[in-house]
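To start, the structure under review is shown below, and the notes come after it.
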Amino acid sequence: MCPYALLVKLNIPPSVRHFSMQPAVVVEKLAKNYKDFLALDNISFAVPQGEIFGLLGPNGAGKSTTVRILATLLAPTSGSAFVAGYNVQNNPFAVRRSIGYVPQEQMCDNYLTGRENLWLQGNLYHMDYTAIQQRIRELSALLELEDALDKITKQYSGGMKKKLDIASGLIHRPQVLFLDEPSLGLDVSTRLKVWEYIRRLYQEGITILLCTNYMDEAEKLAVRIAIIDHGKVAVIDTLERLLAQVGGDVVTLELENSVGPSRNGFEDELKKLAFVTKVLARENSLNIFLQYDETVLPQIMRAAGNFYVPIRKLTFSRPRLDDVFLKYTGHRLQEEGT
């Protein structure tokens, strides 16, 4: 199948296909089993060259497993994956030459200086002396590490170590960069700086696969977002289209009683209202997706009164990425723990 046909087959919208006719990453029906545990359940997606693609989901959703397969660190149980045009199983060495990988865990050696860490990474990729020296200058300027290059990494702050890890993943000019929770454990100020560096890499044309369980990180950085939960991709699209798919605004009702025939009748009545697009029932609450106007809330309260459903709290919100996650998975992202 030609690359452009793959982009069409895997539902890449025309507004995104302009990045490149050639996909940088293609995943088709990828599955991974650990004995009785299914970590990945036949997921498929494609990432055009030059895009930041976000995998958003809670811990244990399958994000890191996906990246480790793409980085040739894990073998899939079934399915196929291509990175920079190379099959990750048939041509792993070519894949490794084409990628940079920044895992959640610290990658740098605490007992080397920042410069020595970067020299080590460059030598592992068989880069020559001049090329390594030039890249260290470029990356230390980009990531604001010049003043710390000759300090022992053990003396670095968490944010400096993360910047050094990113520089190590970029030393050999990879076509594709995998970032697994790049701002995990960082303070707000450092997170914002890391995001700024990621945007600079995007502007340079590097394809970035970003794994995160922070909604704001996905919203700020990713061109397209795949919501992944319990090993399955629930939906993939741009942020704007995902928010539009929520169906308007969201009213959340926290109820006094979690069960009962009156509640069932109330839910059925809500679904009949013309402005309601979806009702998502949970143990002690209802999430009502709707097209809002000034008559909406009185009609909802009237229906609750007709069915004697006591409401403890009502909240109204414009759609956010968390509402998209709720719509497609049945729970909110933070409920799974981060």
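Residue numbering restarts at 1 in every chain; chains get A, B, ... in the order shown in the structure tokens, and ligands count up from 1 in that same order.
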Dump as CSV the rows for residues of range 16-80 of chain A within 12 Å of range 196-201 of chain A: closest atom pair and distance in Å with one decimal, only C-alpha atoms counted, ordered by chain and rising residue number.
```
residue,atom,partner,partner_atom,distance
A:Gly50,CA,A:Leu201,CA,9.5
A:Glu51,CA,A:Leu201,CA,10.3
A:Ile52,CA,A:Arg199,CA,8.9
A:Phe53,CA,A:Ile198,CA,11.9
```
For those residues, write N, CA and C atoms to a file as a PDB file, in the first residue's frame.
```pdb
ATOM      1  N   GLY A  50       6.681  15.245  10.530  1.00  0.00           N
ATOM      2  CA  GLY A  50       6.587  16.630  10.955  1.00  0.00           C
ATOM      3  C   GLY A  50       5.444  16.946  11.885  1.00  0.00           C
ATOM      4  N   GLU A  51       4.769  15.922  12.423  1.00  0.00           N
ATOM      5  CA  GLU A  51       3.625  16.134  13.307  1.00  0.00           C
ATOM      6  C   GLU A  51       4.005  15.818  14.750  1.00  0.00           C
ATOM      7  N   ILE A  52       3.369  16.516  15.703  1.00  0.00           N
ATOM      8  CA  ILE A  52       3.385  16.076  17.095  1.00  0.00           C
ATOM      9  C   ILE A  52       2.099  15.297  17.319  1.00  0.00           C
ATOM     10  N   PHE A  53       2.246  14.015  17.609  1.00  0.00           N
ATOM     11  CA  PHE A  53       1.106  13.127  17.792  1.00  0.00           C
ATOM     12  C   PHE A  53       1.055  12.724  19.262  1.00  0.00           C
TER      13      PHE A  53
END
```
With a distance cut-off of 7 Å and only C-alpha atoms, select the neighbouring residues of Asn287 in chain A, excluding the residue or stretch itself and same-chain residues fewer than 4 positions from it, and output the selection as a PDB file with all heavy atoms, in the first residue's frame.
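Dumped to part24.pdb:
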```pdb
ATOM      1  N   VAL A 250     -21.518  20.629  28.702  1.00  0.00           N
ATOM      2  CA  VAL A 250     -21.707  19.490  29.596  1.00  0.00           C
ATOM      3  C   VAL A 250     -22.312  19.958  30.909  1.00  0.00           C
ATOM      4  O   VAL A 250     -21.789  20.887  31.548  1.00  0.00           O
ATOM      5  CB  VAL A 250     -20.370  18.771  29.883  1.00  0.00           C
ATOM      6  CG1 VAL A 250     -20.608  17.532  30.745  1.00  0.00           C
ATOM      7  CG2 VAL A 250     -19.661  18.390  28.588  1.00  0.00           C
ATOM      8  N   VAL A 251     -23.406  19.338  31.306  1.00  0.00           N
ATOM      9  CA  VAL A 251     -23.998  19.549  32.627  1.00  0.00           C
ATOM     10  C   VAL A 251     -23.796  18.279  33.436  1.00  0.00           C
ATOM     11  O   VAL A 251     -24.157  17.191  32.986  1.00  0.00           O
ATOM     12  CB  VAL A 251     -25.500  19.890  32.535  1.00  0.00           C
ATOM     13  CG1 VAL A 251     -26.146  19.872  33.920  1.00  0.00           C
ATOM     14  CG2 VAL A 251     -25.689  21.261  31.890  1.00  0.00           C
ATOM     15  N   THR A 252     -23.202  18.425  34.611  1.00  0.00           N
ATOM     16  CA  THR A 252     -22.968  17.279  35.490  1.00  0.00           C
ATOM     17  C   THR A 252     -23.872  17.398  36.709  1.00  0.00           C
ATOM     18  O   THR A 252     -23.871  18.429  37.395  1.00  0.00           O
ATOM     19  CB  THR A 252     -21.496  17.215  35.943  1.00  0.00           C
ATOM     20  OG1 THR A 252     -20.665  17.101  34.788  1.00  0.00           O
ATOM     21  CG2 THR A 252     -21.255  16.015  36.852  1.00  0.00           C
ATOM     22  N   LEU A 253     -24.649  16.346  36.960  1.00  0.00           N
ATOM     23  CA  LEU A 253     -25.531  16.294  38.124  1.00  0.00           C
ATOM     24  C   LEU A 253     -24.981  15.274  39.111  1.00  0.00           C
ATOM     25  O   LEU A 253     -24.793  14.101  38.770  1.00  0.00           O
ATOM     26  CB  LEU A 253     -26.949  15.869  37.704  1.00  0.00           C
ATOM     27  CG  LEU A 253     -27.660  16.706  36.638  1.00  0.00           C
ATOM     28  CD1 LEU A 253     -29.028  16.118  36.351  1.00  0.00           C
ATOM     29  CD2 LEU A 253     -27.773  18.156  37.068  1.00  0.00           C
ATOM     30  N   VAL A 279     -26.416  11.110  27.279  1.00  0.00           N
ATOM     31  CA  VAL A 279     -26.457  11.042  28.734  1.00  0.00           C
ATOM     32  C   VAL A 279     -25.560   9.893  29.167  1.00  0.00           C
ATOM     33  O   VAL A 279     -25.757   8.744  28.749  1.00  0.00           O
ATOM     34  CB  VAL A 279     -27.887  10.830  29.271  1.00  0.00           C
ATOM     35  CG1 VAL A 279     -27.865  10.693  30.797  1.00  0.00           C
ATOM     36  CG2 VAL A 279     -28.797  11.977  28.849  1.00  0.00           C
ATOM     37  N   LEU A 280     -24.573  10.210  29.973  1.00  0.00           N
ATOM     38  CA  LEU A 280     -23.646   9.190  30.467  1.00  0.00           C
ATOM     39  C   LEU A 280     -23.904   8.989  31.952  1.00  0.00           C
ATOM     40  O   LEU A 280     -23.666   9.875  32.769  1.00  0.00           O
ATOM     41  CB  LEU A 280     -22.200   9.614  30.223  1.00  0.00           C
ATOM     42  CG  LEU A 280     -21.117   8.605  30.601  1.00  0.00           C
ATOM     43  CD1 LEU A 280     -21.294   7.298  29.846  1.00  0.00           C
ATOM     44  CD2 LEU A 280     -19.742   9.184  30.313  1.00  0.00           C
ATOM     45  N   ALA A 281     -24.438   7.803  32.295  1.00  0.00           N
ATOM     46  CA  ALA A 281     -24.795   7.504  33.677  1.00  0.00           C
ATOM     47  C   ALA A 281     -23.627   6.872  34.401  1.00  0.00           C
ATOM     48  O   ALA A 281     -22.961   5.973  33.877  1.00  0.00           O
ATOM     49  CB  ALA A 281     -25.999   6.563  33.702  1.00  0.00           C
TER      50      ALA A 281
END
```
* Those in range 59-265 of chain A with strand (DSSP E or B) from DSSP, as a ChimeraX atom specification -> /A:78-83,86-87,99-102,113,152,176-180,207-212,224-229,232-238,249-255
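Closest to Thr207 in chain A among A:Arg97, A:Arg320, A:His230, A:Arg173 is A:Arg173, based on only C-alpha atoms.
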For range 185-228 of chain A against range 98-120 of chain A, with a cut-off of 12 Å and counting only C-alpha atoms, what is the closest atom pair and its distance in Å to one decimal for every residue that makes the cut, ordered by chain and number, as JSON lines?
```
{"residue": "A:Gly185", "atom": "CA", "partner": "A:Gln104", "partner_atom": "CA", "distance": 9.7}
{"residue": "A:Leu186", "atom": "CA", "partner": "A:Gln104", "partner_atom": "CA", "distance": 11.6}
{"residue": "A:Ile206", "atom": "CA", "partner": "A:Ile99", "partner_atom": "CA", "distance": 10.1}
{"residue": "A:Thr207", "atom": "CA", "partner": "A:Ile99", "partner_atom": "CA", "distance": 9.5}
{"residue": "A:Ile208", "atom": "CA", "partner": "A:Gly100", "partner_atom": "CA", "distance": 9.4}
{"residue": "A:Leu209", "atom": "CA", "partner": "A:Tyr101", "partner_atom": "CA", "distance": 9.7}
{"residue": "A:Leu210", "atom": "CA", "partner": "A:Val102", "partner_atom": "CA", "distance": 10.0}
{"residue": "A:Cys211", "atom": "CA", "partner": "A:Gln104", "partner_atom": "CA", "distance": 9.6}
{"residue": "A:Thr212", "atom": "CA", "partner": "A:Gln104", "partner_atom": "CA", "distance": 10.0}
{"residue": "A:Asn213", "atom": "CA", "partner": "A:Gln104", "partner_atom": "CA", "distance": 11.9}
```
Any chance you can output those residues with C-alpha atoms as a PDB file, in the first residue's frame?
```pdb
ATOM      1  CA  GLY A 185       7.675  15.202  38.112  1.00  0.00           C
ATOM      2  CA  LEU A 186       8.702  18.665  36.940  1.00  0.00           C
ATOM      3  CA  ILE A 206      11.062  16.573  13.741  1.00  0.00           C
ATOM      4  CA  THR A 207       8.214  14.072  14.072  1.00  0.00           C
ATOM      5  CA  ILE A 208       7.311  13.671  17.750  1.00  0.00           C
ATOM      6  CA  LEU A 209       5.272  10.934  19.400  1.00  0.00           C
ATOM      7  CA  LEU A 210       4.277  12.295  22.803  1.00  0.00           C
ATOM      8  CA  CYS A 211       2.985   9.975  25.547  1.00  0.00           C
ATOM      9  CA  THR A 212       1.285  11.811  28.384  1.00  0.00           C
ATOM     10  CA  ASN A 213      -1.357  11.571  31.076  1.00  0.00           C
TER      11      ASN A 213
END
```
* Nearest to Arg191 in chain A, chosen from A:Phe316, A:Tyr125, A:Tyr214, A:Phe178, with only C-alpha atoms counted in the distances -> A:Tyr214
Quick one: residues within 8 Å of Ile236 in chain A, only C-alpha atoms, excluding same-chain residues fewer than 6 positions away - as a PDB file with N, CA, C and O atoms, in the first residue's frame?
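Result saved to result_23.pdb:
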```pdb
ATOM      1  N   ARG A 224      -2.486  16.203  16.687  1.00  0.00           N
ATOM      2  CA  ARG A 224      -3.596  15.250  16.813  1.00  0.00           C
ATOM      3  C   ARG A 224      -3.401  14.451  18.101  1.00  0.00           C
ATOM      4  O   ARG A 224      -2.275  14.283  18.582  1.00  0.00           O
ATOM      5  N   ILE A 225      -4.500  13.941  18.631  1.00  0.00           N
ATOM      6  CA  ILE A 225      -4.481  13.229  19.901  1.00  0.00           C
ATOM      7  C   ILE A 225      -5.194  11.893  19.732  1.00  0.00           C
ATOM      8  O   ILE A 225      -6.295  11.830  19.178  1.00  0.00           O
ATOM      9  N   ALA A 226      -4.549  10.831  20.216  1.00  0.00           N
ATOM     10  CA  ALA A 226      -5.194   9.527  20.321  1.00  0.00           C
ATOM     11  C   ALA A 226      -5.464   9.259  21.787  1.00  0.00           C
ATOM     12  O   ALA A 226      -4.539   9.301  22.608  1.00  0.00           O
ATOM     13  N   ILE A 227      -6.717   9.016  22.135  1.00  0.00           N
ATOM     14  CA  ILE A 227      -7.065   8.649  23.509  1.00  0.00           C
ATOM     15  C   ILE A 227      -6.961   7.138  23.617  1.00  0.00           C
ATOM     16  O   ILE A 227      -7.627   6.397  22.880  1.00  0.00           O
ATOM     17  N   LEU A 242     -12.125  16.884  18.232  1.00  0.00           N
ATOM     18  CA  LEU A 242     -12.503  16.090  19.399  1.00  0.00           C
ATOM     19  C   LEU A 242     -13.471  16.862  20.291  1.00  0.00           C
ATOM     20  O   LEU A 242     -14.469  16.307  20.774  1.00  0.00           O
TER      21      LEU A 242
END
```
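Across the structure, CA of Ser183 in chain A and CA of Leu74 in chain A are spaced 23.5 Å apart.
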* To do: Considering only C-alpha atoms, return as a VMD selection string whatever protein or nucleic-acid residues lie within 6 Å of range 156-165 of chain A, sequence-local ones (same chain, fewer than 3 positions apart) excluded.
  => chain A and resid 107 153 168 190
Those same residues - all heavy atoms - I'd like them written as a CSV table (one decimal), in the first residue's frame.
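See out_32.csv below for the written result:
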```csv
chain,number,residue,atom,x,y,z
A,107,MET,N,17.7,9.0,32.0
A,107,MET,CA,18.6,8.3,31.1
A,107,MET,C,20.1,8.6,31.3
A,107,MET,O,21.0,7.8,31.0
A,107,MET,CB,18.2,8.6,29.7
A,107,MET,CG,18.5,7.6,28.6
A,107,MET,SD,17.6,8.0,27.1
A,107,MET,CE,18.0,9.7,26.7
A,153,THR,N,26.5,15.4,36.5
A,153,THR,CA,25.0,15.3,36.3
A,153,THR,C,24.3,15.1,37.7
A,153,THR,O,23.1,15.5,37.8
A,153,THR,CB,24.6,14.2,35.3
A,153,THR,OG1,25.4,14.4,34.1
A,153,THR,CG2,23.2,14.3,35.0
A,168,SER,N,20.2,14.1,24.7
A,168,SER,CA,20.8,12.8,24.4
A,168,SER,C,20.0,12.1,23.3
A,168,SER,O,20.5,11.5,22.5
A,168,SER,CB,20.8,12.0,25.7
A,168,SER,OG,21.7,12.5,26.7
A,190,THR,N,9.4,24.7,35.0
A,190,THR,CA,10.2,23.8,34.2
A,190,THR,C,9.4,23.1,33.1
A,190,THR,O,9.8,22.9,32.0
A,190,THR,CB,11.0,22.8,35.0
A,190,THR,OG1,11.7,23.5,36.1
A,190,THR,CG2,11.9,22.0,34.2
```
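The two atoms in question, CA of Pro310 in chain A and CA of Glu256 in chain A, are spaced 5.6 Å apart.
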* CA of Pro319 in chain A to CA of Thr238 in chain A, distance in Å rounded to a single decimal ->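 One can read the CA of Pro319 in chain A to CA of Thr238 in chain A distance as 14.3 Å.
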* Asked: Which residues come within 8 Å of range 35-41 of chain A, counting only C-alpha atoms, excluding same-chain residues fewer than 4 positions away, as number ranges by chain?
  -> A: 29-31, 60-62, 65-66, 230-232
* If you run DSSP over the backbone, which residues in range 152-338 of chain A end up alpha helix (DSSP H)? Put them as a PyMOL selection string. => chain A and resi 158-170+188-203+215-221+239-245+261-272+296-306+321-329
* Proximity to Glu144 in chain A - best of A:Arg263, A:Arg96, A:Arg282, A:Lys193, only C-alpha atoms ->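 When distances to Glu144 in chain A are compared using only C-alpha atoms, the smallest one comes from A:Lys193.
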* **Selection: 10 Å around Ser80 in chain A, only C-alpha atoms, excl. self and same-chain fewer than 3 positions, as a ChimeraX atom specification** => /A:26-31,42-44,69-70,76-77,87-89
With N, CA and C atoms retained, export the selected residues as a PDB file, in the first residue's frame.
```pdb
ATOM      1  N   VAL A  26       3.734   4.116  11.344  1.00  0.00           N
ATOM      2  CA  VAL A  26       2.503   3.406  10.975  1.00  0.00           C
ATOM      3  C   VAL A  26       2.345   2.209  11.902  1.00  0.00           C
ATOM      4  N   VAL A  27       1.208   2.141  12.553  1.00  0.00           N
ATOM      5  CA  VAL A  27       0.890   1.024  13.450  1.00  0.00           C
ATOM      6  C   VAL A  27      -0.416   0.409  12.973  1.00  0.00           C
ATOM      7  N   GLU A  28      -0.408  -0.905  12.733  1.00  0.00           N
ATOM      8  CA  GLU A  28      -1.607  -1.582  12.261  1.00  0.00           C
ATOM      9  C   GLU A  28      -1.873  -2.834  13.079  1.00  0.00           C
ATOM     10  N   LYS A  29      -3.029  -2.819  13.774  1.00  0.00           N
ATOM     11  CA  LYS A  29      -3.523  -3.965  14.536  1.00  0.00           C
ATOM     12  C   LYS A  29      -2.452  -4.524  15.472  1.00  0.00           C
ATOM     13  N   LEU A  30      -1.808  -3.627  16.195  1.00  0.00           N
ATOM     14  CA  LEU A  30      -0.717  -4.006  17.088  1.00  0.00           C
ATOM     15  C   LEU A  30      -1.294  -4.525  18.406  1.00  0.00           C
ATOM     16  N   ALA A  31      -0.808  -5.685  18.834  1.00  0.00           N
ATOM     17  CA  ALA A  31      -1.261  -6.296  20.087  1.00  0.00           C
ATOM     18  C   ALA A  31      -0.057  -6.771  20.881  1.00  0.00           C
ATOM     19  N   ASN A  42      -4.945  -4.595  19.516  1.00  0.00           N
ATOM     20  CA  ASN A  42      -5.150  -4.318  18.087  1.00  0.00           C
ATOM     21  C   ASN A  42      -5.300  -2.823  17.788  1.00  0.00           C
ATOM     22  N   ILE A  43      -4.320  -2.042  18.210  1.00  0.00           N
ATOM     23  CA  ILE A  43      -4.389  -0.600  17.966  1.00  0.00           C
ATOM     24  C   ILE A  43      -3.803  -0.262  16.596  1.00  0.00           C
ATOM     25  N   SER A  44      -4.332   0.789  15.993  1.00  0.00           N
ATOM     26  CA  SER A  44      -3.859   1.255  14.686  1.00  0.00           C
ATOM     27  C   SER A  44      -3.835   2.780  14.674  1.00  0.00           C
ATOM     28  N   ILE A  69       7.608  -0.801  21.830  1.00  0.00           N
ATOM     29  CA  ILE A  69       7.567  -1.622  20.617  1.00  0.00           C
ATOM     30  C   ILE A  69       8.117  -0.830  19.438  1.00  0.00           C
ATOM     31  N   LEU A  70       7.693   0.426  19.313  1.00  0.00           N
ATOM     32  CA  LEU A  70       8.167   1.257  18.205  1.00  0.00           C
ATOM     33  C   LEU A  70       9.667   1.524  18.296  1.00  0.00           C
ATOM     34  N   PRO A  76       6.118  -7.162  19.553  1.00  0.00           N
ATOM     35  CA  PRO A  76       4.658  -7.283  19.648  1.00  0.00           C
ATOM     36  C   PRO A  76       4.222  -8.734  19.583  1.00  0.00           C
ATOM     37  N   THR A  77       3.060  -9.015  20.124  1.00  0.00           N
ATOM     38  CA  THR A  77       2.476 -10.354  20.007  1.00  0.00           C
ATOM     39  C   THR A  77       1.932 -10.573  18.598  1.00  0.00           C
ATOM     40  N   ASN A  87      10.363  -1.662   9.096  1.00  0.00           N
ATOM     41  CA  ASN A  87       9.607  -2.568   9.947  1.00  0.00           C
ATOM     42  C   ASN A  87      10.369  -2.766  11.259  1.00  0.00           C
ATOM     43  N   VAL A  88       9.708  -2.543  12.390  1.00  0.00           N
ATOM     44  CA  VAL A  88      10.408  -2.581  13.677  1.00  0.00           C
ATOM     45  C   VAL A  88      10.915  -3.986  14.027  1.00  0.00           C
ATOM     46  N   GLN A  89      10.300  -5.026  13.449  1.00  0.00           N
ATOM     47  CA  GLN A  89      10.742  -6.387  13.730  1.00  0.00           C
ATOM     48  C   GLN A  89      11.779  -6.876  12.724  1.00  0.00           C
TER      49      GLN A  89
END
```
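Non-sequential neighbours of range 295-304 of chain A (distance at most 8 Å, separation of 6 or more positions within a chain, only C-alpha atoms) are Phe266, Glu269, Leu270, Phe275, Pro310 and Ile311 of chain A.
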